[in-house]
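Okay, so here's the structure we're looking at.
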Amino acid sequence: DDPSVSPFDVARRAAAQLASATGVERHDIALTLGSGWGKAADLLGETVAEVPASEIEGFSTSGVPGHSGTLRSIRLENGRHALVIGARTHFYEDKGVRRVVHSVRTAAAAGARIMVLTNGAGGIKRHWTPGTPALITDHINLTASSPLEGATFVDLTDLYSSRLRAVAREVDPAFEEGVYVQFRGPHYETPAEVRYAETIGGHIVGMSTALEAIAAREAGMEILGLSLITNLAAGISDEPLSHEEVIAAGKSAEQRLGVLLSQIVARL
Ligand code: 6GU
C-alpha cells in the first residue's frame with residue numbers, strides 16, 4: 001500500500017512464496033472463483049497444495065461469507081497447472097485498488113498467461129433465471145477507479161478474449177452473454193441505477209471483475225470472464241434482493257457450474 005513500493009515487486013515476492021509453498025514453480029492458468037463457482041476447484045484436477053492466502057504476502061483475508069481464503073494449486077489432466085484463487089478482495093472493502101488486483105498480478109508473476117475471472121452477479125436480461133451462467137463480452141467500469149498507476153495507457157479492446165469465448169462456446173453453443181457493469185457496492189443498485197446500466201449498454205451488474213480484468217490485460221494475460229446470474233437486478237424482477245439468496249442461488253448451481261468450468265478449462 002506504500003506508494004514507494006512497487007505492487008509488481010510485491011506480486012513477484014508473493015509468486016515466489018507461492019512457488020515454495022506449493023512446490024509448483026510455474027502456473028499456466030489462474031482462476032478466481034466467485035459466488036457459485038467454488039466447486040470447480042474440486043473438479044478441475046488433482047489438488048497439489050492448498051495454501052491459506054494469509055501466508056502469502058499482500059493477501060488480506062476476506063470477511064465476506066461464501067468467500068474462502070485459500071490459494072490452491074491444481075494439476076490438470078493435460079499436465080498443466082492451474083492456480084485457483086479463492087481469496088478475492090472487493091473494491092468496496094476500501095483496502096485500495098492495489099489489494100483488489102494483487103491476486104491477478106501474483107498469478108501473472110507465477111507465470112499464468114490465462115486469467116479466468118468468475119463472479120455471481122445480477123441479471124438485466126429479462127429472460128434470465130437464477131442459476132444461468134453468462135460469458136462476459138465486455139465491461140463498463142463504474143467504480144471511478146483504475147488499478148493502473150500513472151500514465152499507463154492500456155488498450156482494452158477485446159479485453160474478454162473472443163478466442164477464449166469461442167472455446168467456452170465449444171462446450172455450450174447456447175452460452176448466454178452480456179456486458180458486465182462493475183458498481184462499487186456493497187449495496188445492490190437501485191432500480192433507477194439498473195435502468196441506467198441497461199441504457200448505457202450493460203446486461204450484468206456486479207461488484208468485482210472489471211478492475212481485475214484491467215490489471216490482467218496490463219500484465220499481458222488473456223482473459224475469460226464468466227458470471228453466474230444469481231438473481232435478476234433490482235427493478236427487473238419485483239423480488240427484493242438478499243445476500244443470503246444470492247449465496248443460496250450460487251450453492252444450488254455450484255455442481256453444474258463446476259462441471260461446465262472444468263470442461264472449458266480442459267480446452268484452454
Ligand atoms: Cl443485483 N448487483 C450487484 N452489484 N451485484 C450482485 C447482484 C446485483 N446480484 C448478485 N451480485
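Letters for chains follow the order of the C-alpha cells (A, B, ...), residue numbers begin at 1 for each chain, and ligand numbers begin at 1 in the order shown.
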
As an mmCIF file with N, CA and C atoms, in the first residue's frame, please: every residue in segment 11-248 of chain A that DSSP puts in helix (DSSP H, G or I).
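The file below, states-v5.cif, is the result:
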data_model
loop_
_atom_site.group_PDB
_atom_site.id
_atom_site.type_symbol
_atom_site.label_atom_id
_atom_site.label_comp_id
_atom_site.auth_asym_id
_atom_site.auth_seq_id
_atom_site.Cartn_x
_atom_site.Cartn_y
_atom_site.Cartn_z
ATOM 1 N N ALA A 11 3.989 -8.511 -5.905
ATOM 2 C CA ALA A 11 3.432 -9.679 -6.607
ATOM 3 C C ALA A 11 4.526 -10.705 -6.916
ATOM 4 N N ARG A 12 5.713 -10.238 -7.295
ATOM 5 C CA ARG A 12 6.821 -11.177 -7.564
ATOM 6 C C ARG A 12 7.216 -11.933 -6.305
ATOM 7 N N ARG A 13 7.254 -11.228 -5.181
ATOM 8 C CA ARG A 13 7.579 -11.923 -3.916
ATOM 9 C C ARG A 13 6.477 -12.918 -3.562
ATOM 10 N N ALA A 14 5.221 -12.503 -3.754
ATOM 11 C CA ALA A 14 4.091 -13.402 -3.469
ATOM 12 C C ALA A 14 4.176 -14.656 -4.338
ATOM 13 N N ALA A 15 4.525 -14.478 -5.612
ATOM 14 C CA ALA A 15 4.629 -15.627 -6.527
ATOM 15 C C ALA A 15 5.756 -16.559 -6.095
ATOM 16 N N ALA A 16 6.859 -15.992 -5.610
ATOM 17 C CA ALA A 16 7.977 -16.822 -5.129
ATOM 18 C C ALA A 16 7.558 -17.599 -3.883
ATOM 19 N N GLN A 17 6.827 -16.945 -2.984
ATOM 20 C CA GLN A 17 6.328 -17.630 -1.776
ATOM 21 C C GLN A 17 5.358 -18.747 -2.154
ATOM 22 N N LEU A 18 4.526 -18.462 -3.138
ATOM 23 C CA LEU A 18 3.561 -19.452 -3.609
ATOM 24 C C LEU A 18 4.276 -20.665 -4.204
ATOM 25 N N ALA A 19 5.319 -20.401 -4.973
ATOM 26 C CA ALA A 19 6.087 -21.499 -5.586
ATOM 27 C C ALA A 19 6.703 -22.379 -4.502
ATOM 28 N N SER A 20 7.237 -21.768 -3.442
ATOM 29 C CA SER A 20 7.849 -22.622 -2.416
ATOM 30 C C SER A 20 6.796 -23.298 -1.553
ATOM 31 N N ALA A 21 5.663 -22.641 -1.324
ATOM 32 C CA ALA A 21 4.602 -23.259 -0.516
ATOM 33 C C ALA A 21 3.920 -24.415 -1.243
ATOM 34 N N THR A 22 3.828 -24.333 -2.570
ATOM 35 C CA THR A 22 3.121 -25.372 -3.332
ATOM 36 C C THR A 22 4.066 -26.380 -3.969
ATOM 37 N N ALA A 40 -15.802 -25.802 -8.753
ATOM 38 C CA ALA A 40 -14.889 -26.092 -9.866
ATOM 39 C C ALA A 40 -13.521 -26.524 -9.343
ATOM 40 N N ALA A 41 -13.126 -25.956 -8.194
ATOM 41 C CA ALA A 41 -11.804 -26.274 -7.640
ATOM 42 C C ALA A 41 -11.648 -27.774 -7.391
ATOM 43 N N ASP A 42 -12.758 -28.451 -7.049
ATOM 44 C CA ASP A 42 -12.694 -29.892 -6.761
ATOM 45 C C ASP A 42 -12.755 -30.739 -8.023
ATOM 46 N N LEU A 43 -13.158 -30.142 -9.130
ATOM 47 C CA LEU A 43 -13.412 -30.923 -10.347
ATOM 48 C C LEU A 43 -12.362 -30.721 -11.439
ATOM 49 N N ALA A 53 -4.364 -17.979 2.104
ATOM 50 C CA ALA A 53 -3.919 -16.732 1.466
ATOM 51 C C ALA A 53 -3.161 -15.852 2.459
ATOM 52 N N SER A 54 -3.515 -15.991 3.742
ATOM 53 C CA SER A 54 -2.871 -15.172 4.776
ATOM 54 C C SER A 54 -1.373 -15.458 4.906
ATOM 55 N N GLU A 55 -0.922 -16.592 4.341
ATOM 56 C CA GLU A 55 0.513 -16.926 4.407
ATOM 57 C C GLU A 55 1.313 -16.313 3.262
ATOM 58 N N PHE A 91 -13.490 -4.191 -4.150
ATOM 59 C CA PHE A 91 -13.241 -2.747 -4.125
ATOM 60 C C PHE A 91 -13.982 -2.090 -2.959
ATOM 61 N N TYR A 92 -15.186 -2.611 -2.645
ATOM 62 C CA TYR A 92 -15.988 -1.986 -1.580
ATOM 63 C C TYR A 92 -15.388 -2.167 -0.191
ATOM 64 N N GLU A 93 -14.378 -3.039 -0.069
ATOM 65 C CA GLU A 93 -13.732 -3.213 1.236
ATOM 66 C C GLU A 93 -12.840 -2.025 1.594
ATOM 67 N N VAL A 97 -7.192 -0.144 -4.441
ATOM 68 C CA VAL A 97 -7.312 -0.941 -5.660
ATOM 69 C C VAL A 97 -6.107 -1.883 -5.849
ATOM 70 N N ARG A 98 -4.958 -1.547 -5.245
ATOM 71 C CA ARG A 98 -3.807 -2.460 -5.326
ATOM 72 C C ARG A 98 -4.137 -3.820 -4.727
ATOM 73 N N ARG A 99 -4.835 -3.795 -3.585
ATOM 74 C CA ARG A 99 -5.239 -5.053 -2.935
ATOM 75 C C ARG A 99 -6.210 -5.840 -3.801
ATOM 76 N N VAL A 100 -7.091 -5.094 -4.486
ATOM 77 C CA VAL A 100 -8.124 -5.721 -5.320
ATOM 78 C C VAL A 100 -7.481 -6.556 -6.429
ATOM 79 N N VAL A 101 -6.377 -6.051 -6.997
ATOM 80 C CA VAL A 101 -5.780 -6.734 -8.157
ATOM 81 C C VAL A 101 -4.507 -7.507 -7.820
ATOM 82 N N HIS A 102 -4.155 -7.553 -6.550
ATOM 83 C CA HIS A 102 -2.914 -8.244 -6.163
ATOM 84 C C HIS A 102 -2.907 -9.722 -6.586
ATOM 85 N N SER A 103 -4.040 -10.395 -6.446
ATOM 86 C CA SER A 103 -4.078 -11.824 -6.818
ATOM 87 C C SER A 103 -3.832 -12.003 -8.313
ATOM 88 N N VAL A 104 -4.352 -11.093 -9.114
ATOM 89 C CA VAL A 104 -4.154 -11.164 -10.568
ATOM 90 C C VAL A 104 -2.672 -10.943 -10.891
ATOM 91 N N ARG A 105 -2.078 -9.959 -10.248
ATOM 92 C CA ARG A 105 -0.652 -9.682 -10.504
ATOM 93 C C ARG A 105 0.223 -10.826 -9.997
ATOM 94 N N THR A 106 -0.185 -11.448 -8.904
ATOM 95 C CA THR A 106 0.561 -12.600 -8.394
ATOM 96 C C THR A 106 0.458 -13.766 -9.376
ATOM 97 N N ALA A 107 -0.728 -13.984 -9.917
ATOM 98 C CA ALA A 107 -0.917 -15.060 -10.907
ATOM 99 C C ALA A 107 -0.048 -14.807 -12.130
ATOM 100 N N ALA A 108 0.003 -13.567 -12.584
ATOM 101 C CA ALA A 108 0.840 -13.223 -13.739
ATOM 102 C C ALA A 108 2.309 -13.474 -13.418
ATOM 103 N N ALA A 109 2.719 -13.072 -12.205
ATOM 104 C CA ALA A 109 4.115 -13.277 -11.798
ATOM 105 C C ALA A 109 4.430 -14.758 -11.624
ATOM 106 N N SER A 162 -12.050 -12.916 -27.378
ATOM 107 C CA SER A 162 -13.016 -13.609 -28.254
ATOM 108 C C SER A 162 -12.544 -15.033 -28.524
ATOM 109 N N ARG A 163 -11.234 -15.255 -28.510
ATOM 110 C CA ARG A 163 -10.718 -16.617 -28.686
ATOM 111 C C ARG A 163 -11.188 -17.523 -27.536
ATOM 112 N N LEU A 164 -11.046 -17.033 -26.305
ATOM 113 C CA LEU A 164 -11.445 -17.848 -25.153
ATOM 114 C C LEU A 164 -12.968 -18.009 -25.083
ATOM 115 N N ARG A 165 -13.702 -16.977 -25.514
ATOM 116 C CA ARG A 165 -15.163 -17.103 -25.538
ATOM 117 C C ARG A 165 -15.583 -18.174 -26.541
ATOM 118 N N ALA A 166 -14.866 -18.244 -27.643
ATOM 119 C CA ALA A 166 -15.179 -19.276 -28.646
ATOM 120 C C ALA A 166 -14.918 -20.669 -28.061
ATOM 121 N N VAL A 167 -13.874 -20.795 -27.254
ATOM 122 C CA VAL A 167 -13.596 -22.080 -26.597
ATOM 123 C C VAL A 167 -14.761 -22.448 -25.665
ATOM 124 N N ALA A 168 -15.259 -21.474 -24.906
ATOM 125 C CA ALA A 168 -16.386 -21.730 -23.996
ATOM 126 C C ALA A 168 -17.631 -22.139 -24.785
ATOM 127 N N ARG A 169 -17.786 -21.549 -25.948
ATOM 128 C CA ARG A 169 -18.933 -21.885 -26.811
ATOM 129 C C ARG A 169 -18.848 -23.290 -27.410
ATOM 130 N N GLU A 170 -17.628 -23.827 -27.472
ATOM 131 C CA GLU A 170 -17.499 -25.224 -27.916
ATOM 132 C C GLU A 170 -18.154 -26.139 -26.886
ATOM 133 N N VAL A 171 -18.067 -25.747 -25.613
ATOM 134 C CA VAL A 171 -18.657 -26.558 -24.546
ATOM 135 C C VAL A 171 -20.171 -26.338 -24.497
ATOM 136 N N PRO A 191 -33.346 0.447 -8.549
ATOM 137 C CA PRO A 191 -33.938 0.186 -9.868
ATOM 138 C C PRO A 191 -33.539 1.254 -10.897
ATOM 139 N N ALA A 192 -33.419 2.502 -10.486
ATOM 140 C CA ALA A 192 -33.014 3.562 -11.433
ATOM 141 C C ALA A 192 -31.589 3.327 -11.926
ATOM 142 N N GLU A 193 -30.706 2.896 -11.038
ATOM 143 C CA GLU A 193 -29.324 2.603 -11.449
ATOM 144 C C GLU A 193 -29.267 1.402 -12.393
ATOM 145 N N VAL A 194 -30.147 0.446 -12.179
ATOM 146 C CA VAL A 194 -30.191 -0.714 -13.075
ATOM 147 C C VAL A 194 -30.698 -0.277 -14.456
ATOM 148 N N ARG A 195 -31.715 0.598 -14.496
ATOM 149 C CA ARG A 195 -32.186 1.121 -15.799
ATOM 150 C C ARG A 195 -31.069 1.897 -16.486
ATOM 151 N N TYR A 196 -30.303 2.653 -15.697
ATOM 152 C CA TYR A 196 -29.150 3.388 -16.232
ATOM 153 C C TYR A 196 -28.122 2.420 -16.824
ATOM 154 N N ALA A 197 -27.800 1.366 -16.076
ATOM 155 C CA ALA A 197 -26.826 0.363 -16.558
ATOM 156 C C ALA A 197 -27.301 -0.228 -17.880
ATOM 157 N N GLU A 198 -28.603 -0.494 -17.970
ATOM 158 C CA GLU A 198 -29.159 -1.061 -19.209
ATOM 159 C C GLU A 198 -29.064 -0.045 -20.355
ATOM 160 N N THR A 199 -29.389 1.199 -20.051
ATOM 161 C CA THR A 199 -29.367 2.260 -21.077
ATOM 162 C C THR A 199 -27.975 2.459 -21.659
ATOM 163 N N ALA A 210 -14.191 -6.176 -13.227
ATOM 164 C CA ALA A 210 -13.700 -5.211 -14.218
ATOM 165 C C ALA A 210 -12.301 -4.695 -13.861
ATOM 166 N N LEU A 211 -12.099 -4.314 -12.606
ATOM 167 C CA LEU A 211 -10.776 -3.799 -12.201
ATOM 168 C C LEU A 211 -9.717 -4.892 -12.326
ATOM 169 N N GLU A 212 -10.110 -6.135 -12.003
ATOM 170 C CA GLU A 212 -9.182 -7.271 -12.109
ATOM 171 C C GLU A 212 -8.828 -7.531 -13.577
ATOM 172 N N ALA A 213 -9.814 -7.408 -14.457
ATOM 173 C CA ALA A 213 -9.563 -7.639 -15.888
ATOM 174 C C ALA A 213 -8.581 -6.592 -16.429
ATOM 175 N N ILE A 214 -8.716 -5.360 -15.985
ATOM 176 C CA ILE A 214 -7.801 -4.300 -16.446
ATOM 177 C C ILE A 214 -6.368 -4.628 -16.028
ATOM 178 N N ALA A 215 -6.193 -5.074 -14.785
ATOM 179 C CA ALA A 215 -4.849 -5.441 -14.314
ATOM 180 C C ALA A 215 -4.314 -6.654 -15.070
ATOM 181 N N ALA A 216 -5.196 -7.588 -15.392
ATOM 182 C CA ALA A 216 -4.770 -8.784 -16.136
ATOM 183 C C ALA A 216 -4.316 -8.399 -17.544
ATOM 184 N N ARG A 217 -5.049 -7.480 -18.181
ATOM 185 C CA ARG A 217 -4.647 -7.007 -19.507
ATOM 186 C C ARG A 217 -3.292 -6.289 -19.421
ATOM 187 N N GLU A 218 -3.130 -5.434 -18.416
ATOM 188 C CA GLU A 218 -1.851 -4.735 -18.243
ATOM 189 C C GLU A 218 -0.701 -5.734 -18.154
ATOM 190 N N HIS A 243 -28.488 -10.990 0.244
ATOM 191 C CA HIS A 243 -27.195 -11.658 0.103
ATOM 192 C C HIS A 243 -27.346 -13.157 0.333
ATOM 193 N N GLU A 244 -28.209 -13.538 1.276
ATOM 194 C CA GLU A 244 -28.431 -14.956 1.578
ATOM 195 C C GLU A 244 -28.976 -15.690 0.347
ATOM 196 N N GLU A 245 -29.913 -15.036 -0.355
ATOM 197 C CA GLU A 245 -30.481 -15.679 -1.545
ATOM 198 C C GLU A 245 -29.462 -15.768 -2.673
ATOM 199 N N VAL A 246 -28.601 -14.747 -2.757
ATOM 200 C CA VAL A 246 -27.538 -14.765 -3.761
ATOM 201 C C VAL A 246 -26.610 -15.956 -3.488
ATOM 202 N N ILE A 247 -26.233 -16.156 -2.223
ATOM 203 C CA ILE A 247 -25.359 -17.276 -1.842
ATOM 204 C C ILE A 247 -26.082 -18.606 -2.109
ATOM 205 N N ALA A 248 -27.371 -18.664 -1.767
ATOM 206 C CA ALA A 248 -28.138 -19.908 -1.967
ATOM 207 C C ALA A 248 -28.253 -20.258 -3.450
#

Expected selection as a PyMOL selection string for ligand 1 within 9 Å, only C-alpha atoms and all ligand atoms: chain A and resi 35+119-124+181-190+194+204-208+228-234+241-243+246-247

Segment 170-265 of chain A: residues DSSP assigns to strand (DSSP E or B), reported as a PyMOL selection string: chain A and resi 176-182+204-206+222-232+234+237

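Here atom CA of Gly86 of chain A and atom CA of Arg26 of chain A stand 18.3 Å from one another.
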
Residue among A:Ile200, A:Met221, A:Val84, A:Val10 lying closest to Leu142 of chain A, counting only C-alpha atoms: A:Ile200

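Minimum atom-to-atom distance to Ile236 of chain A, evaluated using only C-alpha atoms, belongs to A:His127 out of A:Arg267, A:Gly250, A:Gly258, A:His127.
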
Given only C-alpha atoms as the counted atoms, nearest of A:Asn141, A:Thr89, A:Ser227, A:Ser252 to Gly201 of chain A: A:Asn141

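With only C-alpha atoms as the atoms that count, the residue of A:Gly202, A:Leu260, A:Glu254, A:Trp128 with the shortest distance to Ser237 of chain A is A:Trp128.
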